[in-house]
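Participant: One file: start39.cif (mmCIF, C-alpha atoms and all ligand atoms).
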```
data_run
loop_
_atom_site.label_atom_id
_atom_site.label_comp_id
_atom_site.auth_asym_id
_atom_site.auth_seq_id
_atom_site.Cartn_x
_atom_site.Cartn_y
_atom_site.Cartn_z
CA MET Z 1 7.31 -2.82 -20.82
CA ALA Z 2 8.25 -0.11 -18.30
CA THR Z 3 10.45 -0.56 -15.24
CA LEU Z 4 10.60 1.22 -11.91
CA GLU Z 5 13.91 0.58 -10.21
CA ILE Z 6 14.78 1.56 -6.66
CA LYS Z 7 18.50 1.27 -6.11
CA ASP Z 8 20.26 1.47 -2.76
CA LEU Z 9 17.86 4.15 -1.55
CA HIS Z 10 18.80 5.92 1.67
CA VAL Z 11 16.39 8.46 3.12
CA THR Z 12 16.58 10.60 6.24
CA ILE Z 13 13.91 12.51 8.12
CA GLU Z 14 15.25 15.32 10.26
CA ASP Z 15 18.76 13.84 10.12
CA LYS Z 16 17.59 10.40 11.22
CA GLU Z 17 18.26 7.69 8.65
CA ILE Z 18 15.01 5.79 8.01
CA LEU Z 19 15.73 3.98 4.74
CA LYS Z 20 19.08 2.25 4.79
CA GLY Z 21 19.54 0.98 1.26
CA VAL Z 22 16.28 -0.20 -0.32
CA ASN Z 23 16.55 -2.23 -3.52
CA LEU Z 24 13.46 -3.12 -5.51
CA THR Z 25 12.52 -3.48 -9.18
CA ILE Z 26 8.96 -3.51 -10.52
CA ASN Z 27 8.01 -4.13 -14.12
CA THR Z 28 4.68 -3.31 -15.70
CA GLY Z 29 2.48 -6.39 -15.65
CA GLU Z 30 3.43 -7.06 -12.03
CA VAL Z 31 1.84 -6.33 -8.67
CA HIS Z 32 4.27 -6.21 -5.77
CA ALA Z 33 3.35 -6.01 -2.10
CA ILE Z 34 5.53 -4.58 0.63
CA MET Z 35 4.76 -5.75 4.12
CA GLY Z 36 6.52 -4.90 7.31
CA PRO Z 37 6.07 -3.91 10.92
CA ASN Z 38 5.02 -0.40 11.92
CA GLY Z 39 7.71 2.24 11.74
CA THR Z 40 9.92 0.28 9.39
CA GLY Z 41 9.91 2.92 6.65
CA LYS Z 42 7.18 1.78 4.25
CA SER Z 43 5.47 5.17 4.06
CA THR Z 44 8.87 6.84 3.90
CA LEU Z 45 9.62 4.82 0.78
CA SER Z 46 6.45 5.93 -1.01
CA ALA Z 47 6.88 9.55 0.12
CA ALA Z 48 10.47 9.62 -1.15
CA ILE Z 49 9.49 8.18 -4.53
CA MET Z 50 6.84 10.86 -4.95
CA GLY Z 51 9.14 13.67 -3.83
CA ASN Z 52 7.71 14.74 -0.48
CA PRO Z 53 10.09 17.56 0.56
CA ASN Z 54 10.24 16.40 4.20
CA TYR Z 55 12.20 13.34 3.13
CA THR Z 56 15.85 13.75 2.15
CA VAL Z 57 17.39 11.23 -0.20
CA THR Z 58 21.04 10.96 0.82
CA GLN Z 59 22.05 8.10 -1.45
CA GLY Z 60 20.68 5.91 -4.22
CA GLN Z 61 18.35 6.26 -7.16
CA VAL Z 62 14.78 5.78 -8.34
CA LEU Z 63 14.72 5.12 -12.06
CA PHE Z 64 11.70 5.06 -14.37
CA ASP Z 65 12.93 3.35 -17.53
CA GLY Z 66 16.41 4.50 -16.63
CA GLU Z 67 15.44 8.13 -16.00
CA ASN Z 68 16.16 9.50 -12.55
CA VAL Z 69 12.78 10.30 -10.99
CA LEU Z 70 14.39 11.97 -7.97
CA GLU Z 71 15.61 14.84 -10.12
CA MET Z 72 12.09 15.60 -11.35
CA ALA Z 73 9.51 17.98 -9.93
CA VAL Z 74 6.52 16.26 -8.31
CA ASP Z 75 4.10 17.09 -11.15
CA GLU Z 76 6.66 15.78 -13.62
CA ARG Z 77 6.66 12.46 -11.79
CA ALA Z 78 2.88 12.33 -12.12
CA ARG Z 79 3.03 13.21 -15.82
CA LEU Z 80 5.56 10.45 -16.34
CA GLY Z 81 2.99 7.99 -15.01
CA LEU Z 82 3.55 7.61 -11.28
CA PHE Z 83 0.55 7.57 -8.96
CA LEU Z 84 0.59 7.67 -5.20
CA ALA Z 85 -2.41 7.03 -3.00
CA MET Z 86 -1.74 8.64 0.33
CA GLN Z 87 -2.26 6.99 3.65
CA TYR Z 88 -4.25 10.08 4.65
CA PRO Z 89 -5.85 11.71 1.60
CA SER Z 90 -6.22 15.44 2.08
CA GLU Z 91 -9.24 17.67 1.59
CA ILE Z 92 -9.12 20.19 -1.21
CA PRO Z 93 -12.00 22.66 -0.77
CA GLY Z 94 -13.70 24.55 -3.60
CA ILE Z 95 -13.20 22.05 -6.40
CA THR Z 96 -15.55 19.21 -7.22
CA ASN Z 97 -14.34 15.70 -7.58
CA ALA Z 98 -15.19 15.61 -11.30
CA GLU Z 99 -13.46 18.97 -11.94
CA PHE Z 100 -10.37 17.73 -10.16
CA LEU Z 101 -10.27 14.47 -12.11
CA ARG Z 102 -10.68 16.16 -15.47
CA ALA Z 103 -7.96 18.71 -14.63
CA ALA Z 104 -5.65 15.94 -13.44
CA ILE Z 105 -6.18 13.92 -16.64
CA ASN Z 106 -5.60 16.98 -18.82
CA ALA Z 107 -2.49 18.00 -16.90
CA LYS Z 108 -0.91 14.77 -18.15
CA ARG Z 109 -1.92 15.41 -21.76
CA ALA Z 110 -0.58 17.62 -24.55
CA GLU Z 111 -2.51 20.75 -25.66
CA ASP Z 112 -3.94 19.02 -28.74
CA ASP Z 113 -4.91 15.87 -26.88
CA LYS Z 114 -7.19 17.07 -24.05
CA ILE Z 115 -10.01 14.72 -23.06
CA SER Z 116 -13.42 15.77 -24.38
CA VAL Z 117 -16.28 16.32 -21.94
CA MET Z 118 -18.19 13.42 -23.52
CA GLN Z 119 -15.25 11.04 -23.29
CA PHE Z 120 -14.56 12.13 -19.73
CA ILE Z 121 -18.14 11.54 -18.58
CA LYS Z 122 -18.23 8.16 -20.27
CA GLN Z 123 -15.05 7.07 -18.47
CA LEU Z 124 -16.22 8.52 -15.18
CA ASP Z 125 -19.59 6.75 -15.33
CA LYS Z 126 -17.97 3.44 -16.20
CA ASN Z 127 -15.42 3.61 -13.39
CA MET Z 128 -17.85 4.86 -10.76
CA GLU Z 129 -20.15 1.99 -11.60
CA LEU Z 130 -17.28 -0.49 -11.25
CA LEU Z 131 -16.56 0.92 -7.79
CA SER Z 132 -20.26 1.04 -6.81
CA MET Z 133 -19.98 4.77 -6.17
CA LYS Z 134 -23.04 6.98 -5.93
CA GLU Z 135 -23.32 9.46 -8.82
CA GLU Z 136 -23.46 12.40 -6.43
CA MET Z 137 -19.85 11.67 -5.42
CA ALA Z 138 -18.72 13.25 -8.70
CA GLU Z 139 -20.21 16.61 -7.77
CA ARG Z 140 -19.08 16.64 -4.14
CA TYR Z 141 -16.18 18.88 -3.21
CA LEU Z 142 -12.99 16.89 -3.22
CA ASN Z 143 -12.68 14.82 -0.05
CA GLU Z 144 -14.73 17.37 1.93
CA GLY Z 145 -16.79 15.42 4.39
CA PHE Z 146 -15.95 12.12 2.71
CA SER Z 147 -15.91 9.21 5.12
CA GLY Z 148 -12.69 7.23 5.40
CA GLY Z 149 -14.09 4.55 3.11
CA GLU Z 150 -15.32 7.10 0.56
CA LYS Z 151 -11.88 8.70 0.43
CA LYS Z 152 -10.21 5.37 -0.25
CA ARG Z 153 -12.75 4.49 -2.90
CA ASN Z 154 -12.22 7.89 -4.45
CA GLU Z 155 -8.47 7.33 -4.56
CA ILE Z 156 -9.11 4.19 -6.55
CA LEU Z 157 -11.42 6.15 -8.84
CA GLN Z 158 -8.51 8.56 -9.41
CA LEU Z 159 -6.30 5.58 -10.19
CA LEU Z 160 -8.77 4.25 -12.77
CA MET Z 161 -9.27 7.66 -14.36
CA LEU Z 162 -5.60 8.65 -14.51
CA GLU Z 163 -4.37 5.27 -15.77
CA PRO Z 164 -0.82 5.63 -14.45
CA THR Z 165 1.98 3.28 -15.45
CA PHE Z 166 2.95 2.63 -11.83
CA ALA Z 167 0.84 3.07 -8.72
CA ILE Z 168 2.09 3.10 -5.16
CA LEU Z 169 -0.75 2.40 -2.78
CA ASP Z 170 0.16 3.04 0.84
CA GLU Z 171 -2.19 1.35 3.31
CA ILE Z 172 -5.13 1.72 0.97
CA ASP Z 173 -6.79 -0.93 3.16
CA SER Z 174 -6.51 0.78 6.52
CA GLY Z 175 -9.87 1.39 8.16
CA LEU Z 176 -11.91 -0.32 5.44
CA ASP Z 177 -14.71 -2.77 6.14
CA ILE Z 178 -14.78 -5.97 4.10
CA ASP Z 179 -17.20 -4.65 1.47
CA ALA Z 180 -15.13 -1.52 0.85
CA LEU Z 181 -11.96 -3.61 0.82
CA LYS Z 182 -13.43 -5.82 -1.91
CA VAL Z 183 -14.40 -2.78 -3.99
CA VAL Z 184 -10.91 -1.31 -3.64
CA ALA Z 185 -9.41 -4.65 -4.67
CA LYS Z 186 -11.78 -4.90 -7.63
CA GLY Z 187 -10.63 -1.48 -8.82
CA VAL Z 188 -6.94 -2.35 -8.53
CA ASN Z 189 -7.46 -5.74 -10.17
CA SER Z 190 -9.24 -4.10 -13.10
CA MET Z 191 -6.05 -2.09 -13.75
CA ARG Z 192 -3.87 -5.19 -13.89
CA GLY Z 193 -2.29 -5.87 -17.24
CA GLU Z 194 0.77 -5.40 -19.40
CA LYS Z 195 0.74 -1.62 -19.13
CA PHE Z 196 0.42 -1.31 -15.36
CA GLY Z 197 2.53 -2.12 -12.34
CA ALA Z 198 1.72 -1.60 -8.68
CA LEU Z 199 3.46 -1.48 -5.35
CA ILE Z 200 0.97 -2.17 -2.60
CA ILE Z 201 2.07 -1.29 0.89
CA THR Z 202 0.16 -2.99 3.63
CA HIS Z 203 0.56 -3.96 7.22
CA TYR Z 204 -1.84 -6.89 6.95
CA GLN Z 205 -2.32 -9.89 4.69
CA ARG Z 206 -6.08 -9.25 4.47
CA LEU Z 207 -5.95 -7.06 1.34
CA LEU Z 208 -3.78 -9.66 -0.38
CA ASP Z 209 -6.61 -12.18 -0.10
CA TYR Z 210 -8.31 -10.08 -2.78
CA ILE Z 211 -5.33 -8.75 -4.71
CA THR Z 212 -2.95 -11.66 -5.21
CA PRO Z 213 0.53 -10.16 -5.55
CA ASP Z 214 3.11 -11.54 -7.98
CA VAL Z 215 5.91 -10.62 -5.60
CA VAL Z 216 5.97 -9.98 -1.84
CA HIS Z 217 8.74 -8.03 -0.11
CA ILE Z 218 9.26 -7.84 3.60
CA MET Z 219 10.73 -4.63 4.88
CA MET Z 220 12.38 -4.30 8.26
CA GLU Z 221 14.59 -1.67 9.77
CA GLY Z 222 14.67 0.39 6.60
CA ARG Z 223 15.58 -2.37 4.16
CA VAL Z 224 13.92 -5.03 2.05
CA VAL Z 225 15.07 -8.12 3.91
CA LYS Z 226 13.19 -10.87 2.11
CA THR Z 227 11.41 -11.31 -1.21
CA GLY Z 228 9.13 -14.14 -2.26
CA GLY Z 229 5.79 -15.02 -3.82
CA ALA Z 230 2.24 -14.64 -2.52
CA ASP Z 231 2.89 -17.50 -0.08
CA LEU Z 232 5.31 -15.29 1.85
CA ALA Z 233 2.44 -13.01 2.90
CA LYS Z 234 0.45 -16.06 4.02
CA ARG Z 235 3.38 -17.23 6.07
CA LEU Z 236 3.62 -13.82 7.73
CA GLU Z 237 -0.02 -13.94 8.68
CA VAL Z 238 0.51 -17.24 10.46
CA GLU Z 239 3.91 -16.56 12.02
CA GLY Z 240 4.14 -12.79 12.39
CA TYR Z 241 7.34 -10.86 11.80
CA ALA Z 242 9.34 -12.14 14.76
CA ASN Z 243 10.12 -15.57 13.27
CA ILE Z 244 11.35 -14.16 10.00
CA ALA Z 245 13.44 -11.55 11.81
CA ASP Z 246 14.95 -14.33 13.89
CA GLU Z 247 15.70 -16.44 10.85
CA LEU Z 248 17.43 -13.50 9.13
CA GLY Z 249 19.32 -12.52 12.26
CA ILE Z 250 17.61 -9.14 12.49
CA ASP Z 251 17.25 -7.58 15.89
CA TYR Z 252 13.57 -6.68 15.80
P1 LIG Z 301 5.82 2.63 8.27
O1 LIG Z 301 5.06 3.24 7.15
O2 LIG Z 301 6.58 1.41 7.88
O3 LIG Z 301 4.98 2.39 9.48
P2 LIG Z 301 7.14 5.20 8.36
O4 LIG Z 301 7.85 5.33 7.06
O5 LIG Z 301 5.87 5.94 8.53
O6 LIG Z 301 6.96 3.66 8.71
O7 LIG Z 301 8.11 5.67 9.52
C1 LIG Z 301 9.45 5.21 9.62
C2 LIG Z 301 10.15 5.87 10.78
O8 LIG Z 301 10.28 7.26 10.53
C3 LIG Z 301 9.43 5.75 12.11
O9 LIG Z 301 10.41 5.49 13.08
C4 LIG Z 301 8.82 7.11 12.31
O10 LIG Z 301 8.71 7.43 13.67
C5 LIG Z 301 9.80 8.01 11.62
N1 LIG Z 301 9.13 9.20 11.08
C6 LIG Z 301 8.15 9.23 10.18
N2 LIG Z 301 7.78 10.50 9.90
C7 LIG Z 301 8.56 11.30 10.67
C8 LIG Z 301 8.69 12.71 10.84
N3 LIG Z 301 7.92 13.56 10.17
N4 LIG Z 301 9.63 13.15 11.71
C9 LIG Z 301 10.43 12.29 12.38
N5 LIG Z 301 10.36 10.96 12.25
C10 LIG Z 301 9.46 10.45 11.42
MG MG Z 302 3.32 4.08 10.09
MG MG Z 303 3.11 3.66 6.84
#
```
Kindly return the structure encoded in the file as structure tokens.

Facilitator:
Amino acid sequence: MATLEIKDLHVTIEDKEILKGVNLTINTGEVHAIMGPNGTGKSTLSAAIMGNPNYTVTQGQVLFDGENVLEMAVDERARLGLFLAMQYPSEIPGITNAEFLRAAINAKRAEDDKISVMQFIKQLDKNMELLSMKEEMAERYLNEGFSGGEKKRNEILQLLMLEPTFAILDEIDSGLDIDALKVVAKGVNSMRGEKFGALIITHYQRLLDYITPDVVHIMMEGRVVKTGGADLAKRLEVEGYANIADELGIDY
């Protein structure tokens, strides 16, 4: 079992404190969801974990099996087994999707353990079929001219191909129609198991109808203010954030 521990994390953007002491522990075998109102620091949390240089960690730790992730270079974090799906995936011109995936897989592997072309194609075919992706998507230039839904689906393909230990999925559901949402959920659910843990960041309960989380955290004002089971997300959908803020005495 692997553990990702976020301890008293404080993060500032341009000298403004956004995260004010986030505590959270995820084990492999678990899917956690973070929900919270807009502007509460959810994306800041995922950006800080992955080492986005615009976010300054002023206090606290992120530990992967006890090792301080925050001291590692970004590619080191990926090699260790962290995966981040961005809220706005970027376009990388000049490299095909398949080339990118194979390079990304091999970047994580030792010299004598590179994936063979045959093995790669087999994996790619299997995962693209699972996600109902057209074959031509493999030969398209990465994210160039992809629709919003195609980008999201492609992020999940990356997830399936890279097989990280922990994935942080920030608003992977935003802008998806129901069919695409179901495909994305199917991909994430197929990763579930003893060797994988996920932190799913979402503004809405809708995605959690298809990916039932083991643990739900509510984040407000830069902190995790409440933790519960899947029922907590259902309650939020009915009541909104105001009631819970009231109950916890948070000025929201
Ligand atoms: P969420 O993902 O929960 O909607 P974010 O983490 O994106 O919240 O944003 C948290 C807060 O940080 C917001 O108040 C937002 O305006 C602020 N913020 C985010 N990015 C920047 C930035 N680049 N510069 C200044 N403030 C920012
Ligand atoms: Mg936001
Ligand atoms: Mg966000």

Participant: At a cut-off of 9 Å, using all atoms listed in the file, what residues contact Ile18 (chain Z)? Leave out same-chain residues fewer than 2 positions from it and give the result as a PDB file with C-alpha atoms, keeping the file's coordinate frame.

Facilitator:
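So the final result, stored in result23.pdb, reads:
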```pdb
ATOM      1  CA  HIS Z  10      18.800   5.920   1.670  1.00  0.00           C
ATOM      2  CA  VAL Z  11      16.390   8.460   3.120  1.00  0.00           C
ATOM      3  CA  THR Z  12      16.580  10.600   6.240  1.00  0.00           C
ATOM      4  CA  ILE Z  13      13.910  12.510   8.120  1.00  0.00           C
ATOM      5  CA  LYS Z  16      17.590  10.400  11.220  1.00  0.00           C
ATOM      6  CA  LYS Z  20      19.080   2.250   4.790  1.00  0.00           C
ATOM      7  CA  GLY Z  39       7.710   2.240  11.740  1.00  0.00           C
ATOM      8  CA  THR Z  40       9.920   0.280   9.390  1.00  0.00           C
ATOM      9  CA  GLY Z  41       9.910   2.920   6.650  1.00  0.00           C
ATOM     10  CA  THR Z  44       8.870   6.840   3.900  1.00  0.00           C
ATOM     11  CA  GLU Z 221      14.590  -1.670   9.770  1.00  0.00           C
ATOM     12  CA  GLY Z 222      14.670   0.390   6.600  1.00  0.00           C
TER      13      GLY Z 222
END
```

Participant: Taking (7.3, -17.7, 0.3) as a centre in this file's frame and 12 Å as the limit, can you find every polymer residue with an atom that close, using only C-alpha atoms, and give them as a list in words?

Facilitator: Pro213, Asp214, Val215, Val216, His217, Ile218, Lys226, Thr227, Gly228, Gly229, Ala230, Asp231, Leu232, Ala233, Lys234, Arg235, Leu236, Glu237 and Ile244 of chain Z

Participant: Write out as an NGL selection string each polymer residue (protein, DNA or RNA) that has an atom no more than 9 Å from ligand MG 303 (chain Z), with all atoms listed in the file counted.

Facilitator: :Z and (38-46 or 87 or 170-171 or 201-203)

Participant: So how many Å separate CA of Pro37 (chain Z) and CA of Asp8 (chain Z), to one decimal?

Facilitator: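 Interatomic distance here is 20.4 Å.
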
Participant: Could you work out how far CA of Leu248 (chain Z) lies from atom C1 of ligand LIG 301 (chain Z), giving the answer in Å with one decimal?

Facilitator: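 CA of Leu248 (chain Z) lies 20.3 Å from atom C1 of ligand LIG 301 (chain Z).
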
Participant: Under the rule that only C-alpha atoms are counted, which of Z:Ser174, Z:Ser132, Z:Gln158, Z:Thr165 is the nearest residue to Lys186 (chain Z)?

Facilitator: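 Looking at the shortest contact to Lys186 (chain Z), the residue is Z:Ser132.
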
Participant: For Ile26 (chain Z), please output as a PyMOL selection string all residues within 8 Å (counting all atoms listed in the file; exclusion window: fewer than 2 positions along the same chain).

Facilitator: chain Z and resi 3-5+24+28+30-32+197-199

Participant: From the block I gave, I'd like region 2-13 of chain Z written with all heavy atoms, as a PDB file, in the first residue's frame.

Facilitator:
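The resulting out-v9.pdb:
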```
ATOM      1  N   ALA Z   2       0.488   2.257  -0.796  1.00  0.00           N
ATOM      2  CA  ALA Z   2       1.187   3.541  -0.798  1.00  0.00           C
ATOM      3  C   ALA Z   2       0.266   4.604  -0.193  1.00  0.00           C
ATOM      4  O   ALA Z   2      -0.956   4.454  -0.189  1.00  0.00           O
ATOM      5  CB  ALA Z   2       1.584   3.934  -2.216  1.00  0.00           C
ATOM      6  N   THR Z   3       0.887   5.644   0.337  1.00  0.00           N
ATOM      7  CA  THR Z   3       0.128   6.716   0.994  1.00  0.00           C
ATOM      8  C   THR Z   3       0.583   8.088   0.492  1.00  0.00           C
ATOM      9  O   THR Z   3       1.772   8.335   0.364  1.00  0.00           O
ATOM     10  CB  THR Z   3       0.347   6.655   2.527  1.00  0.00           C
ATOM     11  OG1 THR Z   3      -0.031   5.359   2.980  1.00  0.00           O
ATOM     12  CG2 THR Z   3      -0.493   7.693   3.246  1.00  0.00           C
ATOM     13  N   LEU Z   4      -0.380   8.922   0.222  1.00  0.00           N
ATOM     14  CA  LEU Z   4      -0.113  10.322  -0.114  1.00  0.00           C
ATOM     15  C   LEU Z   4      -0.692  11.170   1.013  1.00  0.00           C
ATOM     16  O   LEU Z   4      -1.892  11.146   1.272  1.00  0.00           O
ATOM     17  CB  LEU Z   4      -0.762  10.683  -1.448  1.00  0.00           C
ATOM     18  CG  LEU Z   4      -0.448  12.077  -1.987  1.00  0.00           C
ATOM     19  CD1 LEU Z   4       1.019  12.185  -2.399  1.00  0.00           C
ATOM     20  CD2 LEU Z   4      -1.334  12.404  -3.193  1.00  0.00           C
ATOM     21  N   GLU Z   5       0.206  11.883   1.684  1.00  0.00           N
ATOM     22  CA  GLU Z   5      -0.203  12.624   2.874  1.00  0.00           C
ATOM     23  C   GLU Z   5       0.011  14.120   2.664  1.00  0.00           C
ATOM     24  O   GLU Z   5       1.114  14.549   2.339  1.00  0.00           O
ATOM     25  CB  GLU Z   5       0.731  12.204   4.015  1.00  0.00           C
ATOM     26  CG  GLU Z   5       0.071  11.596   5.206  1.00  0.00           C
ATOM     27  CD  GLU Z   5       1.147  11.205   6.221  1.00  0.00           C
ATOM     28  OE1 GLU Z   5       2.189  10.652   5.812  1.00  0.00           O
ATOM     29  OE2 GLU Z   5       0.951  11.476   7.405  1.00  0.00           O
ATOM     30  N   ILE Z   6      -1.029  14.880   2.843  1.00  0.00           N
ATOM     31  CA  ILE Z   6      -0.914  16.339   2.763  1.00  0.00           C
ATOM     32  C   ILE Z   6      -1.059  16.855   4.183  1.00  0.00           C
ATOM     33  O   ILE Z   6      -2.066  16.595   4.843  1.00  0.00           O
ATOM     34  CB  ILE Z   6      -2.015  16.910   1.851  1.00  0.00           C
ATOM     35  CG1 ILE Z   6      -1.887  16.308   0.445  1.00  0.00           C
ATOM     36  CG2 ILE Z   6      -1.961  18.440   1.811  1.00  0.00           C
ATOM     37  CD1 ILE Z   6      -3.153  16.405  -0.377  1.00  0.00           C
ATOM     38  N   LYS Z   7      -0.016  17.547   4.643  1.00  0.00           N
ATOM     39  CA  LYS Z   7       0.012  17.937   6.059  1.00  0.00           C
ATOM     40  C   LYS Z   7       0.124  19.441   6.204  1.00  0.00           C
ATOM     41  O   LYS Z   7       1.120  20.030   5.785  1.00  0.00           O
ATOM     42  CB  LYS Z   7       1.235  17.309   6.738  1.00  0.00           C
ATOM     43  CG  LYS Z   7       1.079  15.834   7.080  1.00  0.00           C
ATOM     44  CD  LYS Z   7       2.363  15.378   7.761  1.00  0.00           C
ATOM     45  CE  LYS Z   7       2.134  14.178   8.655  1.00  0.00           C
ATOM     46  NZ  LYS Z   7       3.430  13.714   9.194  1.00  0.00           N
ATOM     47  N   ASP Z   8      -0.870  20.043   6.783  1.00  0.00           N
ATOM     48  CA  ASP Z   8      -0.858  21.471   7.125  1.00  0.00           C
ATOM     49  C   ASP Z   8      -0.323  22.339   5.977  1.00  0.00           C
ATOM     50  O   ASP Z   8       0.520  23.203   6.176  1.00  0.00           O
ATOM     51  CB  ASP Z   8      -0.006  21.682   8.395  1.00  0.00           C
ATOM     52  CG  ASP Z   8      -0.171  23.101   8.942  1.00  0.00           C
ATOM     53  OD1 ASP Z   8      -1.269  23.673   8.798  1.00  0.00           O
ATOM     54  OD2 ASP Z   8       0.812  23.647   9.500  1.00  0.00           O
ATOM     55  N   LEU Z   9      -0.843  22.088   4.779  1.00  0.00           N
ATOM     56  CA  LEU Z   9      -0.306  22.766   3.594  1.00  0.00           C
ATOM     57  C   LEU Z   9      -0.832  24.201   3.459  1.00  0.00           C
ATOM     58  O   LEU Z   9      -2.040  24.437   3.419  1.00  0.00           O
ATOM     59  CB  LEU Z   9      -0.657  21.956   2.341  1.00  0.00           C
ATOM     60  CG  LEU Z   9       0.071  22.372   1.061  1.00  0.00           C
ATOM     61  CD1 LEU Z   9       1.567  22.073   1.150  1.00  0.00           C
ATOM     62  CD2 LEU Z   9      -0.524  21.662  -0.156  1.00  0.00           C
ATOM     63  N   HIS Z  10       0.107  25.116   3.415  1.00  0.00           N
ATOM     64  CA  HIS Z  10      -0.208  26.532   3.188  1.00  0.00           C
ATOM     65  C   HIS Z  10       0.400  26.949   1.862  1.00  0.00           C
ATOM     66  O   HIS Z  10       1.581  26.714   1.627  1.00  0.00           O
ATOM     67  CB  HIS Z  10       0.396  27.414   4.296  1.00  0.00           C
ATOM     68  CG  HIS Z  10      -0.246  27.238   5.637  1.00  0.00           C
ATOM     69  ND1 HIS Z  10      -1.013  28.207   6.221  1.00  0.00           N
ATOM     70  CD2 HIS Z  10      -0.244  26.181   6.492  1.00  0.00           C
ATOM     71  CE1 HIS Z  10      -1.458  27.770   7.397  1.00  0.00           C
ATOM     72  NE2 HIS Z  10      -1.000  26.540   7.591  1.00  0.00           N
ATOM     73  N   VAL Z  11      -0.390  27.572   1.018  1.00  0.00           N
ATOM     74  CA  VAL Z  11       0.103  27.979  -0.304  1.00  0.00           C
ATOM     75  C   VAL Z  11      -0.335  29.405  -0.602  1.00  0.00           C
ATOM     76  O   VAL Z  11      -1.487  29.782  -0.341  1.00  0.00           O
ATOM     77  CB  VAL Z  11      -0.432  27.028  -1.407  1.00  0.00           C
ATOM     78  CG1 VAL Z  11      -0.053  27.534  -2.793  1.00  0.00           C
ATOM     79  CG2 VAL Z  11       0.103  25.615  -1.208  1.00  0.00           C
ATOM     80  N   THR Z  12       0.595  30.191  -1.133  1.00  0.00           N
ATOM     81  CA  THR Z  12       0.250  31.555  -1.536  1.00  0.00           C
ATOM     82  C   THR Z  12       0.405  31.722  -3.049  1.00  0.00           C
ATOM     83  O   THR Z  12       1.215  31.041  -3.681  1.00  0.00           O
ATOM     84  CB  THR Z  12       1.152  32.608  -0.841  1.00  0.00           C
ATOM     85  OG1 THR Z  12       2.511  32.333  -1.208  1.00  0.00           O
ATOM     86  CG2 THR Z  12       1.042  32.557   0.659  1.00  0.00           C
ATOM     87  N   ILE Z  13      -0.412  32.587  -3.609  1.00  0.00           N
ATOM     88  CA  ILE Z  13      -0.245  33.037  -4.985  1.00  0.00           C
ATOM     89  C   ILE Z  13      -0.043  34.543  -4.923  1.00  0.00           C
ATOM     90  O   ILE Z  13      -0.901  35.254  -4.369  1.00  0.00           O
ATOM     91  CB  ILE Z  13      -1.490  32.752  -5.856  1.00  0.00           C
ATOM     92  CG1 ILE Z  13      -1.917  31.295  -5.750  1.00  0.00           C
ATOM     93  CG2 ILE Z  13      -1.217  33.127  -7.311  1.00  0.00           C
ATOM     94  CD1 ILE Z  13      -3.237  31.004  -6.445  1.00  0.00           C
TER      95      ILE Z  13
END
```
